[in-house]
$ cat start13.cif   # mmCIF, C-alpha atoms and all ligand atoms
data_coords
#
loop_
_atom_site.group_PDB
_atom_site.id
_atom_site.type_symbol
_atom_site.label_atom_id
_atom_site.label_comp_id
_atom_site.auth_asym_id
_atom_site.auth_seq_id
_atom_site.Cartn_x
_atom_site.Cartn_y
_atom_site.Cartn_z
ATOM 1 C CA MET A 159 0.000 0.000 0.000
ATOM 2 C CA GLU A 160 1.240 3.501 -0.828
ATOM 3 C CA VAL A 161 0.100 6.820 0.558
ATOM 4 C CA LYS A 162 -1.217 8.999 -2.280
ATOM 5 C CA THR A 163 -1.684 12.344 -0.572
ATOM 6 C CA ALA A 164 -0.303 13.664 2.708
ATOM 7 C CA GLU A 165 -1.088 17.162 3.899
ATOM 8 C CA PHE A 166 -0.107 19.021 7.046
ATOM 9 C CA ILE A 167 -3.312 20.387 8.576
ATOM 10 C CA ILE A 168 -2.640 22.003 11.961
ATOM 11 C CA SER A 169 -0.495 22.085 15.108
ATOM 12 C CA ASN A 170 -2.130 22.309 18.531
ATOM 13 C CA THR A 171 -1.371 22.301 22.231
ATOM 14 C CA ASP A 172 -4.839 21.035 23.150
ATOM 15 C CA TRP A 173 -6.700 17.957 21.991
ATOM 16 C CA TRP A 174 -10.058 19.765 21.786
ATOM 17 C CA LYS A 175 -8.664 22.228 19.234
ATOM 18 C CA CYS A 176 -7.658 19.407 16.876
ATOM 19 C CA PRO A 177 -9.596 18.969 13.584
ATOM 20 C CA GLU A 178 -13.329 18.522 14.033
ATOM 21 C CA THR A 179 -13.811 15.341 12.059
ATOM 22 C CA ASP A 180 -14.734 11.712 12.608
ATOM 23 C CA LEU A 181 -11.732 10.429 10.674
ATOM 24 C CA PRO A 182 -9.562 7.845 12.467
ATOM 25 C CA GLU A 183 -6.236 8.983 13.886
ATOM 26 C CA TYR A 184 -2.995 7.015 14.269
ATOM 27 C CA ALA A 185 -0.536 8.702 16.596
ATOM 28 C CA PHE A 186 3.154 8.180 17.312
ATOM 29 C CA ILE A 187 4.622 8.448 20.767
ATOM 30 C CA GLY A 188 7.861 7.503 22.478
ATOM 31 C CA ARG A 189 10.941 9.021 23.986
ATOM 32 C CA SER A 190 12.301 12.205 22.500
ATOM 33 C CA ASN A 191 14.546 11.468 19.502
ATOM 34 C CA VAL A 192 13.293 7.886 19.027
ATOM 35 C CA GLY A 193 12.285 8.701 15.435
ATOM 36 C CA LYS A 194 8.546 9.511 15.496
ATOM 37 C CA SER A 195 8.650 12.340 12.984
ATOM 38 C CA SER A 196 11.098 10.478 10.725
ATOM 39 C CA LEU A 197 8.732 7.510 10.632
ATOM 40 C CA ILE A 198 5.852 9.734 9.501
ATOM 41 C CA ASN A 199 8.028 11.014 6.652
ATOM 42 C CA MET A 200 9.015 7.478 5.701
ATOM 43 C CA LEU A 201 5.397 6.258 5.670
ATOM 44 C CA THR A 202 4.283 9.166 3.500
ATOM 45 C CA ASN A 203 7.332 9.158 1.162
ATOM 46 C CA ARG A 204 8.028 12.759 2.108
ATOM 47 C CA LYS A 205 11.352 14.128 3.267
ATOM 48 C CA ASP A 206 10.224 16.990 5.400
ATOM 49 C CA LEU A 207 6.504 16.662 6.059
ATOM 50 C CA ALA A 208 7.134 16.252 9.793
ATOM 51 C CA LYS A 209 10.063 18.242 11.164
ATOM 52 C CA THR A 210 12.955 16.164 12.483
ATOM 53 C CA SER A 211 16.189 16.936 14.296
ATOM 54 C CA SER A 212 19.223 15.162 15.669
ATOM 55 C CA LYS A 213 18.566 17.013 18.931
ATOM 56 C CA PRO A 214 15.734 15.778 21.175
ATOM 57 C CA GLY A 215 12.718 18.027 21.710
ATOM 58 C CA LYS A 216 11.988 18.968 18.103
ATOM 59 C CA THR A 217 8.259 18.191 18.082
ATOM 60 C CA LEU A 218 6.514 20.154 20.828
ATOM 61 C CA LEU A 219 2.927 20.184 19.576
ATOM 62 C CA ILE A 220 0.201 17.808 18.372
ATOM 63 C CA ASN A 221 0.571 17.757 14.566
ATOM 64 C CA HIS A 222 -2.174 16.470 12.287
ATOM 65 C CA PHE A 223 -1.385 15.154 8.796
ATOM 66 C CA LEU A 224 -4.328 14.197 6.592
ATOM 67 C CA ILE A 225 -3.630 11.028 4.604
ATOM 68 C CA ASP A 226 -5.481 10.202 1.386
ATOM 69 C CA GLU A 227 -8.255 12.479 2.691
ATOM 70 C CA LYS A 228 -9.469 9.562 4.818
ATOM 71 C CA TRP A 229 -7.381 9.314 7.985
ATOM 72 C CA TYR A 230 -4.784 11.173 10.026
ATOM 73 C CA LEU A 231 -1.246 10.492 11.098
ATOM 74 C CA VAL A 232 -0.547 12.407 14.302
ATOM 75 C CA ASP A 233 2.955 13.395 15.376
ATOM 76 C CA LEU A 234 3.262 13.976 19.117
ATOM 77 C CA PRO A 235 6.016 15.465 21.277
ATOM 78 C CA GLY A 236 8.307 12.904 22.902
ATOM 79 C CA TYR A 237 8.438 12.080 26.579
ATOM 80 C CA GLY A 238 11.536 11.801 28.752
ATOM 81 C CA TYR A 239 13.148 14.881 27.225
ATOM 82 C CA ALA A 240 15.867 14.982 29.882
ATOM 83 C CA THR A 241 17.384 18.405 29.287
ATOM 84 C CA ALA A 242 14.049 20.270 29.252
ATOM 85 C CA SER A 243 13.052 22.284 32.314
ATOM 86 C CA LYS A 244 10.633 20.759 34.815
ATOM 87 C CA SER A 245 7.826 23.107 33.770
ATOM 88 C CA MET A 246 8.414 22.287 30.092
ATOM 89 C CA ARG A 247 8.348 18.550 30.811
ATOM 90 C CA GLU A 248 5.114 18.937 32.755
ATOM 91 C CA LYS A 249 3.538 20.962 29.960
ATOM 92 C CA LEU A 250 4.475 18.324 27.378
ATOM 93 C CA LYS A 251 3.229 15.530 29.613
ATOM 94 C CA LYS A 252 -0.153 17.263 29.870
ATOM 95 C CA ILE A 253 -0.380 17.759 26.088
ATOM 96 C CA ILE A 254 0.464 14.110 25.407
ATOM 97 C CA GLU A 255 -1.639 12.526 28.142
ATOM 98 C CA SER A 256 -4.768 14.553 27.504
ATOM 99 C CA TYR A 257 -4.611 13.883 23.739
ATOM 100 C CA ILE A 258 -4.250 10.143 24.420
ATOM 101 C CA LEU A 259 -6.977 9.954 27.058
ATOM 102 C CA PHE A 260 -9.589 12.264 25.580
ATOM 103 C CA ARG A 261 -9.233 12.260 21.813
ATOM 104 C CA ALA A 262 -12.055 9.952 20.722
ATOM 105 C CA GLN A 263 -10.710 9.733 17.149
ATOM 106 C CA LEU A 264 -7.458 8.124 18.352
ATOM 107 C CA THR A 265 -7.714 4.645 16.848
ATOM 108 C CA ASN A 266 -4.269 3.242 17.548
ATOM 109 C CA LEU A 267 -1.211 4.588 19.280
ATOM 110 C CA PHE A 268 2.204 3.439 18.089
ATOM 111 C CA VAL A 269 4.734 3.367 20.934
ATOM 112 C CA LEU A 270 8.208 3.738 19.450
ATOM 113 C CA ILE A 271 11.203 2.099 21.088
ATOM 114 C CA ASP A 272 14.831 2.557 19.985
ATOM 115 C CA CYS A 273 15.999 -1.010 19.304
ATOM 116 C CA ARG A 274 19.516 -0.241 20.579
ATOM 117 C CA HIS A 275 18.499 0.192 24.197
ATOM 118 C CA LYS A 276 17.652 -2.254 26.939
ATOM 119 C CA PRO A 277 14.056 -1.973 28.204
ATOM 120 C CA GLN A 278 13.747 1.404 29.921
ATOM 121 C CA GLN A 279 11.561 2.048 32.936
ATOM 122 C CA ILE A 280 9.991 5.133 31.361
ATOM 123 C CA ASP A 281 8.710 3.147 28.339
ATOM 124 C CA LEU A 282 7.533 0.190 30.410
ATOM 125 C CA GLU A 283 5.657 2.491 32.785
ATOM 126 C CA PHE A 284 4.151 4.373 29.881
ATOM 127 C CA MET A 285 2.827 1.149 28.330
ATOM 128 C CA GLN A 286 1.545 0.076 31.733
ATOM 129 C CA TRP A 287 -0.380 3.336 31.948
ATOM 130 C CA LEU A 288 -1.811 2.796 28.435
ATOM 131 C CA GLY A 289 -2.991 -0.670 29.428
ATOM 132 C CA GLU A 290 -4.611 0.593 32.616
ATOM 133 C CA SER A 291 -6.245 3.416 30.662
ATOM 134 C CA GLY A 292 -7.581 1.045 27.990
ATOM 135 C CA VAL A 293 -5.720 2.739 25.128
ATOM 136 C CA PRO A 294 -5.139 0.465 22.099
ATOM 137 C CA PHE A 295 -1.457 0.480 21.225
ATOM 138 C CA SER A 296 1.230 -1.294 19.227
ATOM 139 C CA VAL A 297 4.995 -1.303 19.643
ATOM 140 C CA VAL A 298 7.383 -0.120 16.926
ATOM 141 C CA PHE A 299 11.102 -0.790 17.243
ATOM 142 C CA THR A 300 12.988 1.954 15.397
ATOM 143 C CA LYS A 301 16.476 2.494 13.933
ATOM 144 C CA LYS A 302 16.927 -1.136 12.935
ATOM 145 C CA ASP A 303 19.754 -0.042 10.589
ATOM 146 C CA LYS A 304 21.871 0.857 13.615
ATOM 147 C CA LEU A 305 22.297 -2.773 14.723
ATOM 148 C CA SER A 306 23.574 -5.996 13.183
ATOM 149 C CA THR A 307 20.912 -8.604 12.466
ATOM 150 C CA ALA A 308 22.125 -10.744 15.362
ATOM 151 C CA LYS A 309 22.222 -7.913 17.905
ATOM 152 C CA PHE A 310 18.818 -6.679 16.748
ATOM 153 C CA ALA A 311 17.291 -10.154 17.224
ATOM 154 C CA GLU A 312 18.890 -10.441 20.661
ATOM 155 C CA ASN A 313 17.546 -7.061 21.812
ATOM 156 C CA ILE A 314 14.038 -7.779 20.522
ATOM 157 C CA GLU A 315 13.962 -11.154 22.261
ATOM 158 C CA SER A 316 14.994 -9.662 25.593
ATOM 159 C CA TYR A 317 12.416 -6.889 25.157
ATOM 160 C CA LYS A 318 9.670 -9.406 24.486
ATOM 161 C CA THR A 319 10.717 -11.395 27.557
ATOM 162 C CA GLN A 320 10.494 -8.227 29.623
ATOM 163 C CA LEU A 321 7.050 -7.351 28.225
ATOM 164 C CA SER A 322 5.801 -10.884 28.879
ATOM 165 C CA GLU A 323 6.364 -10.310 32.582
ATOM 166 C CA THR A 324 3.576 -7.729 32.569
ATOM 167 C CA TRP A 325 1.475 -8.648 29.558
ATOM 168 C CA GLU A 326 -0.235 -11.970 29.115
ATOM 169 C CA GLU A 327 -0.610 -11.221 25.429
ATOM 170 C CA LEU A 328 1.931 -9.036 23.649
ATOM 171 C CA PRO A 329 0.715 -6.062 21.587
ATOM 172 C CA PRO A 330 1.345 -6.087 17.805
ATOM 173 C CA ILE A 331 5.055 -5.413 17.198
ATOM 174 C CA PHE A 332 6.671 -3.742 14.164
ATOM 175 C CA TYR A 333 10.319 -3.345 13.145
ATOM 176 C CA THR A 334 11.402 -0.251 11.260
ATOM 177 C CA SER A 335 14.210 1.839 9.877
ATOM 178 C CA SER A 336 13.285 5.215 8.451
ATOM 179 C CA GLU A 337 16.824 5.456 7.147
ATOM 180 C CA LYS A 338 16.610 2.202 5.177
ATOM 181 C CA ARG A 339 12.847 2.410 4.636
ATOM 182 C CA ILE A 340 12.095 -0.835 6.458
ATOM 183 C CA GLY A 341 8.661 -1.663 7.871
ATOM 184 C CA LYS A 342 6.555 0.665 5.760
ATOM 185 C CA GLU A 343 4.416 -2.017 4.114
ATOM 186 C CA GLU A 344 3.695 -3.705 7.443
ATOM 187 C CA LEU A 345 2.669 -0.502 9.218
ATOM 188 C CA LEU A 346 0.546 0.852 6.373
ATOM 189 C CA GLY A 347 -1.013 -2.583 5.891
ATOM 190 C CA TYR A 348 -1.937 -2.710 9.568
ATOM 191 C CA ILE A 349 -3.498 0.770 9.456
ATOM 192 C CA ASN A 350 -5.347 -0.106 6.263
ATOM 193 C CA GLU A 351 -6.729 -3.252 7.840
ATOM 194 C CA ILE A 352 -8.088 -1.332 10.835
ATOM 195 C CA ASN A 353 -9.513 1.375 8.575
ATOM 196 C CA SER A 354 -11.306 -1.149 6.397
ATOM 197 C CA THR A 355 -12.917 -2.966 9.328
ATOM 198 C CA ALA A 356 -14.014 0.180 11.176
HETATM 199 P P1 LIG B 401 11.248 14.555 19.057
HETATM 200 O O1 LIG B 401 10.344 15.250 18.111
HETATM 201 O O2 LIG B 401 12.345 15.410 19.525
HETATM 202 O O3 LIG B 401 10.523 13.884 20.180
HETATM 203 O O4 LIG B 401 12.014 13.368 18.244
HETATM 204 P P2 LIG B 401 11.442 12.311 17.216
HETATM 205 O O5 LIG B 401 11.074 11.079 17.951
HETATM 206 O O6 LIG B 401 10.397 12.897 16.334
HETATM 207 O O7 LIG B 401 12.746 11.942 16.371
HETATM 208 P P3 LIG B 401 13.161 12.440 14.889
HETATM 209 O O8 LIG B 401 12.286 11.785 13.870
HETATM 210 O O9 LIG B 401 13.264 13.913 14.876
HETATM 211 O O10 LIG B 401 14.598 11.741 14.755
HETATM 212 C C1 LIG B 401 15.631 11.967 15.699
HETATM 213 C C2 LIG B 401 16.962 11.627 15.071
HETATM 214 O O11 LIG B 401 17.044 10.228 14.798
HETATM 215 C C3 LIG B 401 17.211 12.324 13.728
HETATM 216 O O12 LIG B 401 18.571 12.672 13.662
HETATM 217 C C4 LIG B 401 16.874 11.254 12.703
HETATM 218 O O13 LIG B 401 17.558 11.406 11.481
HETATM 219 C C5 LIG B 401 17.327 10.006 13.429
HETATM 220 N N1 LIG B 401 16.561 8.818 12.983
HETATM 221 C C6 LIG B 401 15.246 8.651 12.995
HETATM 222 N N2 LIG B 401 14.893 7.436 12.525
HETATM 223 C C7 LIG B 401 16.034 6.816 12.194
HETATM 224 C C8 LIG B 401 16.353 5.519 11.645
HETATM 225 O O14 LIG B 401 15.497 4.677 11.356
HETATM 226 N N3 LIG B 401 17.678 5.235 11.464
HETATM 227 C C9 LIG B 401 18.664 6.124 11.779
HETATM 228 N N4 LIG B 401 19.920 5.736 11.573
HETATM 229 N N5 LIG B 401 18.420 7.342 12.276
HETATM 230 C C10 LIG B 401 17.120 7.685 12.485
HETATM 231 MG MG MG B 402 9.426 14.689 16.417
#

$ encode --input "start13.cif" --output "structure tokens"
Amino acid sequence: MEVKTAEFIISNTDWWKCPETDLPEYAFIGRSNVGKSSLINMLTNRKDLAKTSSKPGKTLLINHFLIDEKWYLVDLPGYGYATASKSMREKLKKIIESYILFRAQLTNLFVLIDCRHKPQQIDLEFMQWLGESGVPFSVVFTKKDKLSTAKFAENIESYKTQLSETWEELPPIFYTSSEKRIGKEELLGYINEINSTA
């Protein structure tokens, strides 16, 4: 599946100011710098639709991108942005959490995890919170190009083992590299499947 049209619509700090439509939304969340915005560009075949940076803290608002005039990709600010001030971190946390909890159009949240790192408390706690809040989510391992095949497989296995300690059934899991354009078909196929059964 290929995206035909992708259009930036609006940036917001508050979920209730987001587009007034019934169209389904697929949002990307994860630690700052994990590759959320890059993944949106990869999925839409656009270089600079979502703004990216090598420095964490690039995306600070809720950004809506209309896809094929039928659904939205939503780029969110990252969490765990360590060098931000406490008030900034709290502001971002409020933006993210209220969008996730209250935005009825949110159909699936993709939680991005950098495949190079061992399971981090902040991500595990975040997923725990999603589960307790009844938010449907999937896991996306990013930056696959940064690891050898063997190391990648090892990290994913240990992550799955960690998740299995909390979750009886694992969420859907995707493997991506925006750099090498890996995982696009799988992610778009998954979104398409949900859209066509809704
Ligand atoms: P914030 O908006 O700050 O929360 O970050 P983000 O999660 O949107 O990350 P962003 O897409 O801006 O990417 C952060 C950095 O990682 C950039 O330098 C990207 O080029 C790089 N990056 C993202 N995805 C990949 C990938 O798949 N492979 C490699 N090698 N680098 C990547
Ligand atoms: Mg970003």

$ resolve_selection --input "start13.cif" --expression "the PyMOL selection byres (((not hetatm)) within 6 of (chain B and resi 401))" --output "PyMOL selection string"
chain A and resi 190-196+210-212+214-217+235-236+300-301+303-304+335-337

$ axis_aligned_box --input "start13.cif" --around "segment 170-185 of chain A" --padding-each-side "8 Å" --output "JSON"
{"center_x": -7.6, "center_y": 14.7, "center_z": 16.9, "size_x": 30.2, "size_y": 31.3, "size_z": 28.5}

$ atom_distance --input "start13.cif" --atom1 "atom CA of Ile225 of chain A" --atom2 "atom CA of Lys162 of chain A"
7.6 Å

$ closest_residue --input "start13.cif" --among "A:Ala208, A:Ile271, A:Leu224, A:Leu231" --to "Tyr184 of chain A" --atoms "all atoms listed in the file"
A:Leu231

$ atom_distance --input "start13.cif" --atom1 "atom CA of Thr202 of chain A" --atom2 "atom CA of Met159 of chain A"
10.7 Å

$ closest_residue --input "start13.cif" --among "A:Ile167, A:Leu250, A:Ile314, A:Ala240" --to "Ile280 of chain A" --atoms "only C-alpha atoms"
A:Ala240

$ resolve_selection --input "start13.cif" --expression "the PyMOL selection byres (((chain A and resi 319-321) around 12) and not hetatm)" --output "VMD selection string"
chain A and resid 276 to 279 281 to 283 285 to 286 297 312 to 318 322 to 331

$ closest_residue --input "start13.cif" --among "A:Phe284, A:Tyr239, A:Trp173, A:Phe299" --to "Leu264 of chain A" --atoms "all atoms listed in the file"
A:Trp173

$ residues_around --input "start13.cif" --residues "Tyr348 of chain A" --least-positions-apart "3" --cutoff "12 Å" --atoms "only C-alpha atoms" --output "number ranges by chain"
A: 159, 184, 265-266, 268, 296, 330-332, 341-345, 351-355
